[in-house]
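One structure below.
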Amino acid sequence: MTNQQTPTPEETAGPRPRRLTYAAVLTALEGLGLAVGGVWVLVLGLTGDPDDRQQAVTLGVTLVVLALLPLLAARGLLARRSWSRGPSVITQILALPVAYSLLQADSIAIPAGIAVAAAAIATLVFLLSPSTTQALGIRRPGAEPGER
C-alpha cells in the first residue's frame, strides 16, 4: 500500500465521526439483509416446491456471496480504511435501481422499496460528507499529501 491509500496517524486521530459510523451501520444492515434474503431463498429452494430448484439455489447462493461486499466494506469503514468507501458507494448505487423496481410493484414490496431507497440515499450522503472523507484519509484528486 502506498502512503496515498493509508491514512496517517494525524488523519485518524480522535473519535470516529458519527457520519462514518452511521454509514458503516447502514452498509452492514444492507449486507445482512442480502445474506438473510439469500439464505431464505436457498432454504425455500431446497425444502419447498419451487418452479425451478436449480434457479432458486443459484439465486440464494448469489445473494449470500453478494452480501460479502457490503459486509466487508462496513468492517473497513469502522476500521477507517480508505478502500472501504468505494465498495460501499457501489453498493448504494446498485441499491437505487432495486428500490425503484420495488416501488413500481403493486404490493407489499412498496414499503421495502422506500426503506431501501432511504437507506441508500442516507448512506451516500454520509459517505460523501467531508468529515467521512477526512476520517478515511481520502484526498481530493491532485492534492498534495498535506493538502485537502
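Residue numbering restarts at 1 for every chain of the C-alpha cells, chains are lettered A, B, ... in their displayed order, and ligands are numbered from 1 as they appear.
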Per DSSP on the backbone, what are the helix (DSSP H, G or I) residues of region 12-125 of chain A, as a PyMOL selection string? chain A and resi 12+18-47+53-78+82-103+109-125
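Taking only C-alpha atoms, the non-local environment of Tyr22 (chain A) within 10 Å (same-chain residues fewer than 2 positions away omitted) comprises Pro17, Arg18, Arg19, Leu20, Ala24, Val25, Leu26, Thr27, Ala28, Ala74, Leu77, Leu78, Ala122, Thr123, Phe126 and Leu127 of chain A.
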For Gly33 (chain A): contacts at 12 Å, only C-alpha atoms, fewer than 3 positions along chain excluded, given as a PDB file with N, CA, C and O atoms, in the first residue's frame:
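Below is the file part.pdb, written as the result:
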ATOM      1  N   LEU A  26     -25.353   1.327   8.302  1.00  0.00           N
ATOM      2  CA  LEU A  26     -26.315   1.135   7.211  1.00  0.00           C
ATOM      3  C   LEU A  26     -25.788   0.168   6.163  1.00  0.00           C
ATOM      4  O   LEU A  26     -26.531  -0.675   5.638  1.00  0.00           O
ATOM      5  N   THR A  27     -24.502   0.260   5.852  1.00  0.00           N
ATOM      6  CA  THR A  27     -23.903  -0.663   4.890  1.00  0.00           C
ATOM      7  C   THR A  27     -23.954  -2.095   5.421  1.00  0.00           C
ATOM      8  O   THR A  27     -24.267  -3.035   4.684  1.00  0.00           O
ATOM      9  N   ALA A  28     -23.670  -2.264   6.709  1.00  0.00           N
ATOM     10  CA  ALA A  28     -23.735  -3.601   7.313  1.00  0.00           C
ATOM     11  C   ALA A  28     -25.167  -4.134   7.303  1.00  0.00           C
ATOM     12  O   ALA A  28     -25.384  -5.329   7.041  1.00  0.00           O
ATOM     13  N   LEU A  29     -26.146  -3.270   7.577  1.00  0.00           N
ATOM     14  CA  LEU A  29     -27.541  -3.716   7.549  1.00  0.00           C
ATOM     15  C   LEU A  29     -27.950  -4.167   6.149  1.00  0.00           C
ATOM     16  O   LEU A  29     -28.672  -5.155   6.000  1.00  0.00           O
ATOM     17  N   GLU A  30     -27.476  -3.468   5.129  1.00  0.00           N
ATOM     18  CA  GLU A  30     -27.768  -3.885   3.755  1.00  0.00           C
ATOM     19  C   GLU A  30     -27.130  -5.246   3.464  1.00  0.00           C
ATOM     20  O   GLU A  30     -27.750  -6.110   2.837  1.00  0.00           O
ATOM     21  N   VAL A  36     -29.513 -12.571   4.672  1.00  0.00           N
ATOM     22  CA  VAL A  36     -30.741 -13.206   5.162  1.00  0.00           C
ATOM     23  C   VAL A  36     -31.650 -13.575   3.988  1.00  0.00           C
ATOM     24  O   VAL A  36     -32.207 -14.678   3.941  1.00  0.00           O
ATOM     25  N   GLY A  37     -31.787 -12.660   3.030  1.00  0.00           N
ATOM     26  CA  GLY A  37     -32.606 -12.959   1.851  1.00  0.00           C
ATOM     27  C   GLY A  37     -32.052 -14.131   1.068  1.00  0.00           C
ATOM     28  O   GLY A  37     -32.804 -14.991   0.593  1.00  0.00           O
ATOM     29  N   GLY A  38     -30.727 -14.197   0.937  1.00  0.00           N
ATOM     30  CA  GLY A  38     -30.106 -15.301   0.221  1.00  0.00           C
ATOM     31  C   GLY A  38     -30.318 -16.634   0.914  1.00  0.00           C
ATOM     32  O   GLY A  38     -30.640 -17.636   0.273  1.00  0.00           O
ATOM     33  N   VAL A  39     -30.161 -16.655   2.229  1.00  0.00           N
ATOM     34  CA  VAL A  39     -30.377 -17.896   2.982  1.00  0.00           C
ATOM     35  C   VAL A  39     -31.847 -18.308   2.894  1.00  0.00           C
ATOM     36  O   VAL A  39     -32.164 -19.492   2.725  1.00  0.00           O
ATOM     37  N   TRP A  40     -32.747 -17.333   2.985  1.00  0.00           N
ATOM     38  CA  TRP A  40     -34.183 -17.628   2.895  1.00  0.00           C
ATOM     39  C   TRP A  40     -34.537 -18.259   1.549  1.00  0.00           C
ATOM     40  O   TRP A  40     -35.215 -19.277   1.480  1.00  0.00           O
ATOM     41  N   LEU A  63     -26.995 -14.315  -3.758  1.00  0.00           N
ATOM     42  CA  LEU A  63     -27.293 -13.260  -2.788  1.00  0.00           C
ATOM     43  C   LEU A  63     -26.374 -13.340  -1.571  1.00  0.00           C
ATOM     44  O   LEU A  63     -25.920 -12.303  -1.067  1.00  0.00           O
ATOM     45  N   VAL A  64     -26.086 -14.546  -1.112  1.00  0.00           N
ATOM     46  CA  VAL A  64     -25.181 -14.691   0.034  1.00  0.00           C
ATOM     47  C   VAL A  64     -23.778 -14.200  -0.331  1.00  0.00           C
ATOM     48  O   VAL A  64     -23.133 -13.491   0.452  1.00  0.00           O
ATOM     49  N   LEU A  66     -23.034 -12.018  -2.713  1.00  0.00           N
ATOM     50  CA  LEU A  66     -23.108 -10.560  -2.891  1.00  0.00           C
ATOM     51  C   LEU A  66     -23.141  -9.825  -1.555  1.00  0.00           C
ATOM     52  O   LEU A  66     -22.721  -8.670  -1.470  1.00  0.00           O
ATOM     53  N   ALA A  67     -23.616 -10.469  -0.522  1.00  0.00           N
ATOM     54  CA  ALA A  67     -23.664  -9.845   0.799  1.00  0.00           C
ATOM     55  C   ALA A  67     -22.269  -9.591   1.353  1.00  0.00           C
ATOM     56  O   ALA A  67     -22.093  -8.721   2.217  1.00  0.00           O
ATOM     57  N   LEU A  68     -21.286 -10.306   0.871  1.00  0.00           N
ATOM     58  CA  LEU A  68     -19.927 -10.121   1.370  1.00  0.00           C
ATOM     59  C   LEU A  68     -19.386  -8.728   1.074  1.00  0.00           C
ATOM     60  O   LEU A  68     -18.652  -8.162   1.891  1.00  0.00           O
ATOM     61  N   PRO A  70     -20.874  -5.549   0.861  1.00  0.00           N
ATOM     62  CA  PRO A  70     -21.187  -4.522   1.856  1.00  0.00           C
ATOM     63  C   PRO A  70     -20.727  -4.877   3.272  1.00  0.00           C
ATOM     64  O   PRO A  70     -20.376  -3.985   4.044  1.00  0.00           O
ATOM     65  N   LEU A  71     -20.695  -6.157   3.617  1.00  0.00           N
ATOM     66  CA  LEU A  71     -20.239  -6.529   4.957  1.00  0.00           C
ATOM     67  C   LEU A  71     -18.747  -6.223   5.139  1.00  0.00           C
ATOM     68  O   LEU A  71     -18.335  -5.688   6.172  1.00  0.00           O
ATOM     69  N   ALA A  95     -28.186  -0.326  -5.127  1.00  0.00           N
ATOM     70  CA  ALA A  95     -29.435  -0.454  -4.372  1.00  0.00           C
ATOM     71  C   ALA A  95     -30.530   0.456  -4.925  1.00  0.00           C
ATOM     72  O   ALA A  95     -31.719   0.150  -4.783  1.00  0.00           O
ATOM     73  N   ALA A 112     -40.798  -1.794   1.317  1.00  0.00           N
ATOM     74  CA  ALA A 112     -39.412  -2.256   1.221  1.00  0.00           C
ATOM     75  C   ALA A 112     -38.625  -1.357   0.272  1.00  0.00           C
ATOM     76  O   ALA A 112     -37.468  -1.019   0.543  1.00  0.00           O
ATOM     77  N   ALA A 115     -37.772   1.837   2.075  1.00  0.00           N
ATOM     78  CA  ALA A 115     -36.690   1.610   3.041  1.00  0.00           C
ATOM     79  C   ALA A 115     -35.335   1.479   2.351  1.00  0.00           C
ATOM     80  O   ALA A 115     -34.341   2.064   2.799  1.00  0.00           O
ATOM     81  N   VAL A 116     -35.299   0.730   1.248  1.00  0.00           N
ATOM     82  CA  VAL A 116     -34.035   0.546   0.524  1.00  0.00           C
ATOM     83  C   VAL A 116     -33.561   1.878  -0.050  1.00  0.00           C
ATOM     84  O   VAL A 116     -32.375   2.223   0.051  1.00  0.00           O
ATOM     85  N   ALA A 119     -32.314   4.188   2.820  1.00  0.00           N
ATOM     86  CA  ALA A 119     -31.020   3.736   3.339  1.00  0.00           C
ATOM     87  C   ALA A 119     -29.897   4.044   2.356  1.00  0.00           C
ATOM     88  O   ALA A 119     -28.819   4.504   2.757  1.00  0.00           O
TER      89      ALA A 119
END
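Coordinates place CA of Gly137 (chain A) at a distance of 6.4 Å from CA of Ser82 (chain A).
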